[in-house]
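One file, entry37.csv, is given below (CSV, C-alpha atoms).
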chain,number,residue,atom,x,y,z
E,1,MET,CA,-24.3,-0.7,23.4
E,2,ASN,CA,-24.5,-3.5,26.0
E,3,LEU,CA,-21.9,-6.0,27.1
E,4,GLU,CA,-23.2,-8.9,24.9
E,5,GLN,CA,-23.1,-6.7,21.8
E,6,LEU,CA,-19.6,-5.4,22.5
E,7,TYR,CA,-18.5,-9.0,23.3
E,8,LYS,CA,-20.0,-10.3,20.1
E,9,GLU,CA,-18.3,-7.6,18.0
E,10,HIS,CA,-14.9,-7.5,19.6
E,11,ALA,CA,-14.2,-10.7,21.5
E,12,SER,CA,-12.3,-12.4,18.6
E,13,MET,CA,-10.2,-9.3,18.1
E,14,VAL,CA,-9.3,-9.1,21.8
E,15,TYR,CA,-8.7,-12.8,22.3
E,16,ASN,CA,-6.4,-13.1,19.2
E,17,LEU,CA,-4.5,-9.9,20.2
E,18,ALA,CA,-3.9,-11.4,23.7
E,19,LEU,CA,-2.9,-14.7,22.2
E,20,ASN,CA,-0.5,-13.0,19.8
E,21,GLN,CA,1.0,-10.9,22.6
E,22,THR,CA,1.4,-13.7,25.1
E,23,GLY,CA,1.6,-16.9,23.0
E,24,ASN,CA,-0.4,-18.6,25.7
E,25,ARG,CA,-4.1,-19.7,25.6
E,26,GLU,CA,-4.7,-19.6,29.3
E,27,ASP,CA,-3.2,-16.1,29.6
E,28,ALA,CA,-5.2,-14.9,26.6
E,29,GLU,CA,-8.4,-16.2,28.3
E,30,GLU,CA,-7.6,-14.3,31.5
E,31,ILE,CA,-6.7,-11.2,29.6
E,32,THR,CA,-9.9,-11.3,27.5
E,33,GLN,CA,-11.9,-11.5,30.7
E,34,ASP,CA,-10.0,-8.6,32.3
E,35,VAL,CA,-10.5,-6.5,29.2
E,36,PHE,CA,-14.3,-6.9,29.0
E,37,VAL,CA,-14.6,-6.3,32.8
E,38,LYS,CA,-12.7,-3.0,32.3
E,39,VAL,CA,-14.7,-2.1,29.2
E,40,TYR,CA,-18.0,-2.7,31.0
E,41,ARG,CA,-16.9,-0.6,34.0
E,42,SER,CA,-15.7,2.2,31.8
E,43,MET,CA,-18.6,2.3,29.3
E,44,GLU,CA,-20.2,5.3,30.9
E,45,LYS,CA,-16.9,7.3,30.7
E,46,PHE,CA,-16.4,6.4,27.1
E,47,ARG,CA,-17.1,9.2,24.6
E,48,GLU,CA,-19.0,7.7,21.7
E,49,GLU,CA,-17.4,9.9,19.1
E,50,ALA,CA,-14.1,7.9,19.3
E,51,GLN,CA,-14.0,4.5,17.6
E,52,THR,CA,-15.1,1.8,19.9
E,53,GLY,CA,-12.8,-0.7,18.3
E,54,THR,CA,-9.7,1.5,18.8
E,55,TRP,CA,-10.7,2.2,22.4
E,56,ILE,CA,-11.1,-1.5,23.2
E,57,TYR,CA,-7.9,-2.3,21.4
E,58,LYS,CA,-5.9,0.1,23.5
E,59,ILE,CA,-7.4,-1.4,26.7
E,60,ALA,CA,-6.6,-4.9,25.4
E,61,LEU,CA,-3.0,-4.0,24.6
E,62,ASN,CA,-2.4,-2.2,27.9
E,63,THR,CA,-3.9,-5.2,29.8
E,64,CYS,CA,-1.5,-7.5,27.9
E,65,LEU,CA,1.4,-5.3,28.9
E,66,ASP,CA,0.3,-5.2,32.6
E,67,TYR,CA,-0.1,-8.9,32.6
E,68,HIS,CA,3.3,-9.5,31.1
E,69,ARG,CA,4.9,-7.2,33.7
E,70,ALA,CA,3.1,-8.9,36.6
E,71,LYS,CA,4.3,-12.3,35.3
E,72,LYS,CA,7.9,-11.0,35.0
E,73,ARG,CA,7.8,-9.7,38.6
E,74,LYS,CA,6.5,-13.1,39.8
E,75,ARG,CA,9.2,-14.9,38.0
E,76,ARG,CA,11.9,-12.7,39.4
E,77,TRP,CA,10.8,-13.3,42.9
E,78,GLY,CA,10.0,-16.9,42.5
E,79,ILE,CA,13.2,-18.3,40.9
E,80,PHE,CA,16.9,-17.7,41.0
E,81,SER,CA,17.5,-14.9,38.5
E,82,SER,CA,20.6,-14.8,36.4
E,83,LEU,CA,23.2,-12.1,37.0
E,84,PHE,CA,23.2,-11.3,33.3
E,85,GLU,CA,19.5,-10.4,33.0
E,86,LEU,CA,18.5,-9.1,29.6
E,87,ASP,CA,15.5,-6.9,28.7
E,88,GLY,CA,13.3,-10.0,28.5
E,89,GLU,CA,13.8,-13.7,28.7
E,90,ILE,CA,13.5,-16.0,25.7
E,91,LEU,CA,10.4,-18.0,26.5
E,92,PRO,CA,10.8,-21.7,27.0
E,93,GLU,CA,9.2,-23.9,24.3
E,94,GLN,CA,6.6,-25.3,26.6
E,95,SER,CA,5.2,-21.9,27.6
E,96,ILE,CA,4.0,-21.3,24.1
E,97,ASN,CA,0.7,-22.8,23.3
E,98,HIS,CA,-0.5,-20.5,20.6
E,99,PRO,CA,-2.6,-22.8,18.4
E,100,GLY,CA,-1.1,-21.4,15.2
E,101,LEU,CA,2.5,-22.0,16.3
E,102,LEU,CA,1.8,-25.5,17.5
E,103,LEU,CA,0.9,-26.6,13.9
E,104,GLU,CA,3.2,-28.9,12.1
E,105,GLY,CA,5.9,-27.1,10.1
E,106,LYS,CA,5.8,-24.0,12.3
E,107,GLU,CA,8.8,-24.8,14.5
E,108,GLU,CA,11.0,-22.1,12.9
E,109,LEU,CA,8.2,-19.5,13.3
E,110,ALA,CA,7.7,-20.6,16.9
E,111,ARG,CA,11.4,-20.1,17.5
E,112,ILE,CA,11.3,-16.6,16.1
E,113,TYR,CA,8.2,-15.8,18.1
E,114,ARG,CA,9.9,-16.8,21.3
E,115,HIS,CA,12.7,-14.4,20.5
E,116,ILE,CA,10.2,-11.6,19.7
E,117,GLN,CA,8.9,-12.1,23.2
E,118,ALA,CA,12.3,-11.2,24.6
E,119,LEU,CA,12.4,-7.8,22.9
E,120,PRO,CA,11.9,-4.6,24.8
E,121,GLU,CA,8.2,-4.0,25.4
E,122,LYS,CA,7.5,-1.3,22.9
E,123,GLN,CA,9.5,-2.9,20.2
E,124,LYS,CA,7.7,-6.2,20.8
E,125,SER,CA,4.3,-4.5,20.8
E,126,ALA,CA,5.0,-2.6,17.6
E,127,LEU,CA,6.4,-5.7,15.8
E,128,LEU,CA,3.5,-7.9,16.8
E,129,LEU,CA,0.9,-5.3,15.9
E,130,SER,CA,2.6,-4.9,12.5
E,131,LYS,CA,3.2,-8.5,11.6
E,132,MET,CA,0.6,-10.5,13.4
E,133,GLU,CA,-2.2,-8.0,13.5
E,134,GLY,CA,-1.5,-6.5,10.1
E,135,LYS,CA,-1.7,-2.9,11.5
E,136,SER,CA,-0.3,0.0,9.5
E,137,GLN,CA,2.3,2.3,11.1
E,138,LYS,CA,-0.4,5.0,11.4
E,139,GLU,CA,-2.7,2.6,13.2
E,140,ILE,CA,0.1,1.4,15.5
E,141,ALA,CA,1.0,5.0,16.3
E,142,ARG,CA,-2.6,5.7,17.3
E,143,ILE,CA,-2.8,2.6,19.5
E,144,LEU,CA,0.6,3.2,21.2
E,145,ASN,CA,0.0,7.0,21.5
E,146,THR,CA,3.0,7.9,19.5
E,147,SER,CA,4.0,9.2,16.1
E,148,PRO,CA,4.3,7.1,12.9
E,149,LYS,CA,8.0,8.1,12.8
E,150,ALA,CA,8.5,6.7,16.2
E,151,VAL,CA,6.8,3.5,15.2
E,152,GLU,CA,9.0,3.2,12.1
E,153,SER,CA,12.1,3.6,14.4
E,154,LEU,CA,10.7,1.0,16.8
E,155,LEU,CA,10.1,-1.5,14.0
E,156,GLN,CA,13.6,-1.0,12.6
E,157,ARG,CA,15.2,-1.5,16.0
E,158,ALA,CA,13.0,-4.5,16.7
E,159,LYS,CA,14.1,-6.2,13.5
E,160,ALA,CA,17.7,-5.4,14.1
E,161,ASN,CA,17.6,-6.6,17.7
E,162,LEU,CA,15.7,-9.8,16.6
E,163,ALA,CA,18.2,-10.6,13.9
E,164,ASN,CA,21.0,-10.1,16.4
E,165,LYS,CA,19.5,-12.3,19.0
E,166,LEU,CA,18.7,-15.1,16.5
E,167,THR,CA,22.3,-15.0,15.1
E,168,GLN,CA,23.8,-15.0,18.6
E,169,ASN,CA,21.7,-17.7,20.1
E,170,GLU,CA,20.9,-20.2,17.3
E,171,GLY,CA,22.2,-18.8,14.0
E,172,LEU,CA,20.0,-17.6,11.2
E,173,ARG,CA,21.4,-17.0,7.8
U,174,MET,CA,6.3,-10.0,-11.3
U,175,LYS,CA,6.8,-7.1,-9.0
U,176,LYS,CA,5.6,-9.2,-6.1
U,177,ALA,CA,8.1,-12.0,-6.9
U,178,SER,CA,11.1,-9.6,-7.1
U,179,ASN,CA,10.0,-8.1,-3.8
U,180,ILE,CA,10.0,-11.5,-2.2
U,181,THR,CA,13.5,-12.3,-3.4
U,182,GLU,CA,14.7,-8.9,-2.1
U,183,MET,CA,13.3,-9.6,1.4
U,184,SER,CA,15.6,-11.1,4.0
U,185,PRO,CA,14.7,-14.6,5.3
U,186,LEU,CA,13.8,-12.9,8.6
U,187,GLU,CA,11.4,-10.6,6.9
U,188,ILE,CA,9.8,-13.5,5.1
U,189,GLN,CA,9.4,-15.3,8.4
U,190,LEU,CA,7.9,-12.3,10.1
U,191,ASN,CA,5.4,-11.9,7.3
U,192,ALA,CA,4.5,-15.6,7.7
U,193,LEU,CA,3.5,-14.8,11.3
U,194,GLY,CA,0.6,-12.7,9.9
U,195,GLN,CA,-0.6,-15.7,8.0
U,196,LEU,CA,-1.3,-17.8,11.1
U,197,PRO,CA,-4.9,-18.8,11.4
U,198,LYS,CA,-7.1,-16.9,13.8
U,199,SER,CA,-8.2,-18.8,16.9
U,200,GLU,CA,-11.7,-19.3,18.0
U,201,VAL,CA,-12.7,-17.6,21.2
U,202,PRO,CA,-13.6,-20.2,23.9
U,203,PRO,CA,-17.4,-20.4,24.3
U,204,PHE,CA,-17.4,-20.1,28.1
U,205,LEU,CA,-15.6,-16.7,28.3
U,206,LEU,CA,-18.7,-14.5,28.3
U,207,THR,CA,-20.2,-16.5,31.2
U,208,ARG,CA,-17.0,-16.1,33.2
U,209,ILE,CA,-17.0,-12.4,32.5
U,210,LYS,CA,-20.5,-12.0,33.7
U,211,ALA,CA,-19.7,-14.0,36.8
U,212,ARG,CA,-16.7,-11.7,37.5
U,213,LEU,CA,-18.8,-8.6,37.1
U,214,GLU,CA,-21.3,-9.9,39.6
U,215,GLU,CA,-18.4,-10.6,42.1
U,216,LYS,CA,-17.1,-7.1,41.7
U,217,MET,CA,-20.4,-5.6,42.5
U,218,GLU,CA,-20.3,-7.1,46.1
U,219,TYR,CA,-16.7,-6.3,46.6
U,220,VAL,CA,-15.7,-3.0,48.3
U,221,ARG,CA,-12.7,-1.4,46.7
U,222,PRO,CA,-9.8,-1.2,49.1
U,223,ALA,CA,-9.4,2.5,48.4
U,224,ILE,CA,-12.9,3.2,49.7
U,225,ALA,CA,-12.4,1.0,52.8
U,226,TRP,CA,-9.1,2.7,53.6
U,227,SER,CA,-10.6,6.2,53.1
U,228,ALA,CA,-13.4,5.3,55.5
U,229,ILE,CA,-11.0,4.1,58.1
U,230,ALA,CA,-8.8,7.2,57.7
U,231,GLY,CA,-11.8,9.4,58.1
U,232,VAL,CA,-12.9,7.7,61.3
U,233,LEU,CA,-9.4,8.0,62.7
U,234,ILE,CA,-9.1,11.7,61.9
U,235,LEU,CA,-12.5,12.3,63.5
U,236,LEU,CA,-11.4,10.4,66.6
U,237,ALA,CA,-8.1,12.4,66.8
U,238,VAL,CA,-10.0,15.7,66.4
U,239,ASN,CA,-12.4,14.7,69.2
U,240,ILE,CA,-9.6,13.7,71.5
U,241,ILE,CA,-7.7,17.0,70.9
U,242,ALA,CA,-10.9,19.0,71.5
U,243,LEU,CA,-11.8,17.1,74.7
U,244,ARG,CA,-8.3,17.5,76.1
U,245,SER,CA,-8.2,21.3,75.4
U,246,GLN,CA,-11.6,21.6,77.0
U,247,GLN,CA,-10.5,19.7,80.1
U,248,HIS,CA,-7.5,22.0,80.3
U,249,SER,CA,-9.6,25.2,80.0
U,250,ASP,CA,-12.1,23.8,82.6
U,251,ALA,CA,-9.2,23.3,85.0
U,252,GLU,CA,-7.9,26.9,84.4
U,253,GLN,CA,-11.4,28.3,85.0
U,254,ILE,CA,-11.7,26.6,88.3
U,255,ILE,CA,-8.3,27.8,89.4
U,256,SER,CA,-9.1,31.4,88.5
U,257,THR,CA,-12.6,31.6,90.1
U,258,MET,CA,-11.4,30.1,93.4
U,259,HIS,CA,-8.1,32.1,93.4
U,260,LEU,CA,-6.1,28.9,93.7
U,261,ASN,CA,-2.5,28.6,93.0
U,262,SER,CA,-1.7,26.3,90.1
U,263,SER,CA,1.8,25.8,91.1
U,264,ASN,CA,2.9,23.5,94.0
U,265,SER,CA,5.4,25.9,95.5
U,266,LEU,CA,4.3,27.6,98.7
U,267,TYR,CA,6.6,30.5,98.3
U,268,GLN,CA,6.7,32.6,95.2

Output the structure of this file as C-alpha coordinates.
Amino acid sequence: MNLEQLYKEHASMVYNLALNQTGNREDAEEITQDVFVKVYRSMEKFREEAQTGTWIYKIALNTCLDYHRAKKRKRRWGIFSSLFELDGEILPEQSINHPGLLLEGKEELARIYRHIQALPEKQKSALLLSKMEGKSQKEIARILNTSPKAVESLLQRAKANLANKLTQNEGLR
Amino acid sequence: MKKASNITEMSPLEIQLNALGQLPKSEVPPFLLTRIKARLEEKMEYVRPAIAWSAIAGVLILLAVNIIALRSQQHSDAEQIISTMHLNSSNSLYQ
(Lines of atoms letter the chains of each structure in order from A and count residues from 1; the text may use other names and numbers.)
(Lines give C-alpha, C1' and ligand atoms only; values in the text may rest on other atoms or scores of the structure.)
Protein backbone atom coordinates (compact mmCIF):
# COMPACT_ATOMS: atom_id res chain seq x y z
CA MET A 1 0.00 0.00 0.00
CA ASN A 2 1.45 3.38 -0.93
CA LEU A 3 1.05 6.75 0.76
CA GLU A 4 -1.69 8.01 -1.53
CA GLN A 5 -3.80 4.89 -0.95
CA LEU A 6 -3.36 5.05 2.81
CA TYR A 7 -4.15 8.75 2.78
CA LYS A 8 -7.27 8.26 0.68
CA GLU A 9 -8.56 5.55 3.05
CA HIS A 10 -7.64 7.02 6.40
CA ALA A 11 -7.16 10.81 6.14
CA SER A 12 -10.73 11.61 7.13
CA MET A 13 -10.54 9.32 10.17
CA VAL A 14 -7.21 10.81 11.30
CA TYR A 15 -8.25 14.41 10.71
CA ASN A 16 -11.56 14.06 12.54
CA LEU A 17 -9.89 12.22 15.42
CA ALA A 18 -7.33 15.02 15.72
CA LEU A 19 -10.07 17.63 15.49
CA ASN A 20 -12.12 15.91 18.20
CA GLN A 21 -9.09 15.50 20.46
CA THR A 22 -7.82 19.08 20.08
CA GLY A 23 -10.92 21.09 19.10
CA ASN A 24 -8.74 23.16 16.82
CA ARG A 25 -8.54 23.05 13.01
CA GLU A 26 -4.94 24.24 12.71
CA ASP A 27 -3.73 21.71 15.28
CA ALA A 28 -5.69 18.96 13.56
CA GLU A 29 -4.00 19.82 10.24
CA GLU A 30 -0.55 19.71 11.84
CA ILE A 31 -1.27 16.44 13.58
CA THR A 32 -2.65 14.83 10.41
CA GLN A 33 0.54 15.72 8.58
CA ASP A 34 2.68 14.35 11.44
CA VAL A 35 0.70 11.12 11.48
CA PHE A 36 1.10 10.40 7.79
CA VAL A 37 4.80 11.23 7.87
CA LYS A 38 5.19 8.73 10.73
CA VAL A 39 3.03 6.17 8.93
CA TYR A 40 5.07 6.48 5.75
CA ARG A 41 8.35 6.10 7.64
CA SER A 42 7.11 3.06 9.59
CA MET A 43 5.45 1.27 6.70
CA GLU A 44 8.28 -1.23 6.32
CA LYS A 45 8.17 -2.17 10.01
CA PHE A 46 4.42 -2.61 10.03
CA ARG A 47 3.29 -6.24 10.03
CA GLU A 48 0.45 -6.56 7.60
CA GLU A 49 -1.41 -9.13 9.71
CA ALA A 50 -2.57 -6.41 12.11
CA GLN A 51 -5.37 -4.08 11.01
CA THR A 52 -3.99 -1.03 9.22
CA GLY A 53 -6.82 1.13 10.53
CA THR A 54 -6.15 0.28 14.18
CA TRP A 55 -2.40 0.82 13.70
CA ILE A 56 -2.91 4.25 12.14
CA TYR A 57 -5.50 5.10 14.81
CA LYS A 58 -2.99 4.38 17.58
CA ILE A 59 -0.34 6.51 15.88
CA ALA A 60 -2.89 9.30 15.47
CA LEU A 61 -4.00 9.18 19.10
CA ASN A 62 -0.43 9.11 20.42
CA THR A 63 0.47 12.03 18.16
CA CYS A 64 -2.51 13.98 19.55
CA LEU A 65 -1.35 13.27 23.11
CA ASP A 66 2.25 14.29 22.32
CA TYR A 67 1.01 17.47 20.67
CA HIS A 68 -1.19 18.30 23.63
CA ARG A 69 1.70 17.74 26.10
CA ALA A 70 4.06 19.89 24.05
CA LYS A 71 1.49 22.68 23.93
CA LYS A 72 0.98 22.46 27.70
CA ARG A 73 4.74 22.71 28.28
CA LYS A 74 4.93 25.78 26.03
CA ARG A 75 2.05 27.43 27.90
CA ARG A 76 3.66 26.78 31.29
CA TRP A 77 6.91 28.41 30.27
CA GLY A 78 5.32 31.17 28.32
CA ILE A 79 2.81 32.62 30.74
CA PHE A 80 2.48 33.18 34.46
CA SER A 81 1.01 29.93 35.78
CA SER A 82 -1.44 29.81 38.60
CA LEU A 83 -0.41 28.39 41.99
CA PHE A 84 -3.52 26.25 41.96
CA GLU A 85 -2.80 24.32 38.77
CA LEU A 86 -5.28 21.57 37.96
CA ASP A 87 -4.76 18.42 35.84
CA GLY A 88 -5.62 20.45 32.78
CA GLU A 89 -6.82 23.91 32.02
CA ILE A 90 -10.29 24.68 30.79
CA LEU A 91 -9.71 25.91 27.26
CA PRO A 92 -10.71 29.48 26.51
CA GLU A 93 -13.64 29.84 24.10
CA GLN A 94 -11.55 31.35 21.34
CA SER A 95 -9.16 28.38 21.18
CA ILE A 96 -11.97 26.08 20.04
CA ASN A 97 -12.57 26.20 16.32
CA HIS A 98 -14.06 22.76 15.80
CA PRO A 99 -16.52 23.34 12.94
CA GLY A 100 -19.21 21.22 14.57
CA LEU A 101 -19.02 23.15 17.83
CA LEU A 102 -19.12 26.55 16.15
CA LEU A 103 -22.55 25.86 14.69
CA GLU A 104 -25.49 27.78 16.03
CA GLY A 105 -27.15 26.18 19.03
CA LYS A 106 -24.05 24.24 20.05
CA GLU A 107 -22.88 26.64 22.76
CA GLU A 108 -23.75 24.26 25.59
CA LEU A 109 -21.96 21.40 23.82
CA ALA A 110 -18.93 23.63 23.28
CA ARG A 111 -18.91 24.46 27.00
CA ILE A 112 -18.98 20.78 27.93
CA TYR A 113 -16.30 20.05 25.34
CA ARG A 114 -14.01 22.67 26.87
CA HIS A 115 -14.41 21.02 30.26
CA ILE A 116 -13.67 17.61 28.76
CA GLN A 117 -10.36 18.99 27.53
CA ALA A 118 -9.45 19.75 31.16
CA LEU A 119 -9.85 16.13 32.27
CA PRO A 120 -6.80 13.92 32.97
CA GLU A 121 -5.35 12.65 29.72
CA LYS A 122 -6.55 9.03 29.79
CA GLN A 123 -10.02 9.94 30.96
CA LYS A 124 -10.30 12.56 28.24
CA SER A 125 -9.09 10.16 25.53
CA ALA A 126 -11.44 7.41 26.63
CA LEU A 127 -14.44 9.74 26.83
CA LEU A 128 -13.79 11.35 23.45
CA LEU A 129 -13.20 7.98 21.79
CA SER A 130 -16.44 6.71 23.30
CA LYS A 131 -18.69 9.70 22.66
CA MET A 132 -17.24 11.46 19.64
CA GLU A 133 -15.72 8.52 17.80
CA GLY A 134 -18.43 6.05 18.79
CA LYS A 135 -15.90 3.37 19.78
CA SER A 136 -16.92 0.45 21.96
CA GLN A 137 -15.14 -0.24 25.25
CA LYS A 138 -13.39 -3.21 23.65
CA GLU A 139 -12.11 -1.05 20.78
CA ILE A 140 -11.00 1.69 23.15
CA ALA A 141 -9.15 -0.90 25.25
CA ARG A 142 -7.30 -2.10 22.14
CA ILE A 143 -6.41 1.46 21.12
CA LEU A 144 -5.27 2.48 24.60
CA ASN A 145 -3.49 -0.86 25.24
CA THR A 146 -5.53 -1.60 28.31
CA SER A 147 -8.40 -3.82 29.44
CA PRO A 148 -12.12 -3.17 28.83
CA LYS A 149 -12.59 -3.08 32.61
CA ALA A 150 -10.01 -0.32 32.89
CA VAL A 151 -11.80 1.58 30.13
CA GLU A 152 -15.11 1.22 31.96
CA SER A 153 -13.49 2.66 35.08
CA LEU A 154 -11.91 5.50 33.08
CA LEU A 155 -15.27 6.43 31.58
CA GLN A 156 -17.03 6.39 34.95
CA ARG A 157 -14.37 8.58 36.51
CA ALA A 158 -14.37 10.89 33.50
CA LYS A 159 -18.11 11.47 33.73
CA ALA A 160 -17.98 11.96 37.49
CA ASN A 161 -15.11 14.44 37.16
CA LEU A 162 -16.86 16.24 34.36
CA ALA A 163 -20.12 16.56 36.27
CA ASN A 164 -18.16 17.89 39.24
CA LYS A 165 -16.27 20.48 37.20
CA LEU A 166 -19.41 21.65 35.43
CA THR A 167 -21.30 22.02 38.71
CA GLN A 168 -18.40 23.83 40.37
CA ASN A 169 -17.66 26.23 37.55
CA GLU A 170 -20.88 27.10 35.85
CA GLY A 171 -23.62 24.89 37.30
CA LEU A 172 -25.34 22.11 35.46
CA ARG A 173 -28.57 20.64 36.74
CA MET B 1 -40.82 2.81 23.54
CA LYS B 2 -37.72 1.32 25.13
CA LYS B 3 -35.59 4.03 23.53
CA ALA B 4 -37.82 6.80 24.89
CA SER B 5 -37.67 5.46 28.44
CA ASN B 6 -33.87 5.12 28.13
CA ILE B 7 -33.62 8.78 27.16
CA THR B 8 -35.71 9.90 30.13
CA GLU B 9 -33.51 7.81 32.44
CA MET B 10 -30.31 9.39 31.10
CA SER B 11 -28.88 12.37 32.94
CA PRO B 12 -28.71 15.71 31.10
CA LEU B 13 -24.94 15.31 30.97
CA GLU B 14 -25.23 11.88 29.33
CA ILE B 15 -27.63 13.29 26.75
CA GLN B 16 -25.21 16.11 25.97
CA LEU B 17 -22.29 13.70 25.74
CA ASN B 18 -24.22 11.56 23.28
CA ALA B 19 -24.96 14.71 21.28
CA LEU B 20 -21.20 15.17 20.82
CA GLY B 21 -21.22 12.02 18.71
CA GLN B 22 -23.86 13.56 16.42
CA LEU B 23 -21.64 16.44 15.33
CA PRO B 24 -21.06 16.39 11.57
CA LYS B 25 -17.74 15.05 10.31
CA SER B 26 -15.39 17.66 8.90
CA GLU B 27 -13.89 17.57 5.43
CA VAL B 28 -10.14 17.10 5.23
CA PRO B 29 -8.47 20.22 3.79
CA PRO B 30 -7.48 19.44 0.18
CA PHE B 31 -3.87 20.70 0.45
CA LEU B 32 -2.80 18.34 3.24
CA LEU B 33 -1.44 15.56 1.03
CA THR B 34 0.77 18.06 -0.84
CA ARG B 35 2.12 19.32 2.48
CA ILE B 36 2.79 15.78 3.69
CA LYS B 37 4.75 14.96 0.54
CA ALA B 38 6.73 18.20 0.90
CA ARG B 39 7.61 17.32 4.49
CA LEU B 40 8.72 13.84 3.49
CA GLU B 41 11.05 15.30 0.89
CA GLU B 42 12.50 17.69 3.48
CA LYS B 43 13.11 14.83 5.89
CA MET B 44 15.07 12.85 3.27
CA GLU B 45 17.76 15.62 3.12
CA TYR B 46 17.82 16.15 6.84
CA VAL B 47 20.39 14.23 8.90
CA ARG B 48 18.96 13.02 12.15
CA PRO B 49 20.67 14.59 15.18
CA ALA B 50 21.28 11.16 16.73
CA ILE B 51 23.33 10.10 13.71
CA ALA B 52 25.31 13.36 13.69
CA TRP B 53 26.10 13.14 17.40
CA SER B 54 27.11 9.46 17.09
CA ALA B 55 29.53 10.37 14.30
CA ILE B 56 31.04 13.21 16.36
CA ALA B 57 31.36 10.94 19.42
CA GLY B 58 33.05 8.27 17.28
CA VAL B 59 35.61 10.73 15.93
CA LEU B 60 36.35 12.05 19.44
CA ILE B 61 36.82 8.52 20.82
CA LEU B 62 39.17 7.71 17.93
CA LEU B 63 41.17 10.89 18.61
CA ALA B 64 41.39 10.10 22.33
CA VAL B 65 42.59 6.54 21.64
CA ASN B 66 45.21 7.84 19.21
CA ILE B 67 46.48 10.44 21.68
CA ILE B 68 46.75 7.84 24.45
CA ALA B 69 48.54 5.42 22.11
CA LEU B 70 51.00 8.12 20.92
CA ARG B 71 51.76 9.25 24.47
CA SER B 72 52.43 5.74 25.70
CA GLN B 73 54.65 5.13 22.66
CA GLN B 74 56.65 8.31 23.35
CA HIS B 75 57.05 7.20 26.95
CA SER B 76 58.30 3.74 25.95
CA ASP B 77 60.69 5.28 23.33
CA ALA B 78 62.21 7.47 26.05
CA GLU B 79 62.63 4.46 28.35
CA GLN B 80 64.33 2.48 25.57
CA ILE B 81 66.86 5.25 24.94
CA ILE B 82 67.61 5.50 28.66
CA SER B 83 68.23 1.78 29.04
CA THR B 84 70.42 1.32 25.89
CA MET B 85 72.65 4.28 26.73
CA HIS B 86 72.77 3.39 30.43
CA LEU B 87 71.52 6.83 31.33
CA ASN B 88 70.12 7.87 34.64
CA SER B 89 66.49 8.89 34.39
CA SER B 90 66.63 10.77 37.67
CA ASN B 91 68.26 14.23 38.09
CA SER B 92 69.99 13.40 41.36
CA LEU B 93 73.72 12.84 41.04
CA TYR B 94 74.00 10.76 44.11
CA GLN B 95 71.83 7.71 44.70

Taking all atoms listed in the file into account and nothing else, which residues of chain E lie no more than 9 Å away from chain U? Please answer as a PyMOL selection string.
chain E and resi 4+7+11-12+15-16+19+29-30+32-34+36-37+40-41+98-101+108-109+112-113+127-128+130-134+159+162-163+172-173

Using C-alpha atoms, can you write the selected residues to a file as a PDB file, in the coordinates of the input?
ATOM      1  CA  GLU E   4     -23.200  -8.900  24.900  1.00  0.00           C
ATOM      2  CA  TYR E   7     -18.500  -9.000  23.300  1.00  0.00           C
ATOM      3  CA  ALA E  11     -14.200 -10.700  21.500  1.00  0.00           C
ATOM      4  CA  SER E  12     -12.300 -12.400  18.600  1.00  0.00           C
ATOM      5  CA  TYR E  15      -8.700 -12.800  22.300  1.00  0.00           C
ATOM      6  CA  ASN E  16      -6.400 -13.100  19.200  1.00  0.00           C
ATOM      7  CA  LEU E  19      -2.900 -14.700  22.200  1.00  0.00           C
ATOM      8  CA  GLU E  29      -8.400 -16.200  28.300  1.00  0.00           C
ATOM      9  CA  GLU E  30      -7.600 -14.300  31.500  1.00  0.00           C
ATOM     10  CA  THR E  32      -9.900 -11.300  27.500  1.00  0.00           C
ATOM     11  CA  GLN E  33     -11.900 -11.500  30.700  1.00  0.00           C
ATOM     12  CA  ASP E  34     -10.000  -8.600  32.300  1.00  0.00           C
ATOM     13  CA  PHE E  36     -14.300  -6.900  29.000  1.00  0.00           C
ATOM     14  CA  VAL E  37     -14.600  -6.300  32.800  1.00  0.00           C
ATOM     15  CA  TYR E  40     -18.000  -2.700  31.000  1.00  0.00           C
ATOM     16  CA  ARG E  41     -16.900  -0.600  34.000  1.00  0.00           C
ATOM     17  CA  HIS E  98      -0.500 -20.500  20.600  1.00  0.00           C
ATOM     18  CA  PRO E  99      -2.600 -22.800  18.400  1.00  0.00           C
ATOM     19  CA  GLY E 100      -1.100 -21.400  15.200  1.00  0.00           C
ATOM     20  CA  LEU E 101       2.500 -22.000  16.300  1.00  0.00           C
ATOM     21  CA  GLU E 108      11.000 -22.100  12.900  1.00  0.00           C
ATOM     22  CA  LEU E 109       8.200 -19.500  13.300  1.00  0.00           C
ATOM     23  CA  ILE E 112      11.300 -16.600  16.100  1.00  0.00           C
ATOM     24  CA  TYR E 113       8.200 -15.800  18.100  1.00  0.00           C
ATOM     25  CA  LEU E 127       6.400  -5.700  15.800  1.00  0.00           C
ATOM     26  CA  LEU E 128       3.500  -7.900  16.800  1.00  0.00           C
ATOM     27  CA  SER E 130       2.600  -4.900  12.500  1.00  0.00           C
ATOM     28  CA  LYS E 131       3.200  -8.500  11.600  1.00  0.00           C
ATOM     29  CA  MET E 132       0.600 -10.500  13.400  1.00  0.00           C
ATOM     30  CA  GLU E 133      -2.200  -8.000  13.500  1.00  0.00           C
ATOM     31  CA  GLY E 134      -1.500  -6.500  10.100  1.00  0.00           C
ATOM     32  CA  LYS E 159      14.100  -6.200  13.500  1.00  0.00           C
ATOM     33  CA  LEU E 162      15.700  -9.800  16.600  1.00  0.00           C
ATOM     34  CA  ALA E 163      18.200 -10.600  13.900  1.00  0.00           C
ATOM     35  CA  LEU E 172      20.000 -17.600  11.200  1.00  0.00           C
ATOM     36  CA  ARG E 173      21.400 -17.000   7.800  1.00  0.00           C
TER      37      ARG E 173
END

Handout entry: Gap from CA of Asn20 in chain E to CA of Cys64 in chain E - Å, one decimal
Key =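 Calculated distance between CA of Asn20 in chain E and CA of Cys64 in chain E is 9.8 Å.
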
One-decimal distance in Å that lies between CA of Arg157 in chain E and CA of Pro120 in chain E =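 According to the coordinates, CA of Pro120 in chain E and CA of Arg157 in chain E are separated by 9.9 Å.
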
Quiz item: In Å, with one decimal, what is the gap from CA of Ser227 in chain U to CA of Ile241 in chain U?
Solution: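 Between these atoms lies a distance of 21.0 Å.
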
Among E:Leu155, E:Val39, E:Leu144, E:Leu166, Arg114 in chain E is approached most closely, using only C-alpha atoms, by E:Leu166

Practice problem: Go through E:Asn2, E:Asn62, E:Gln21, E:Asn161 one by one, measure the shortest atom-to-atom distance of each to Met43 in chain E using all atoms listed in the file, and give the residue with the smallest value. | Solution: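 Looking only at the distances to Met43 in chain E, the closest residue turns out to be E:Asn2.
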
Notebook entry, point to check: Which residue gives the smallest distance to Tyr67 in chain E among E:Asn169, E:Lys8, E:Glu139, E:Asn24, with all atoms listed in the file counted?
Noted result: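 For Tyr67 in chain E, the nearest of the given residues is E:Asn24.
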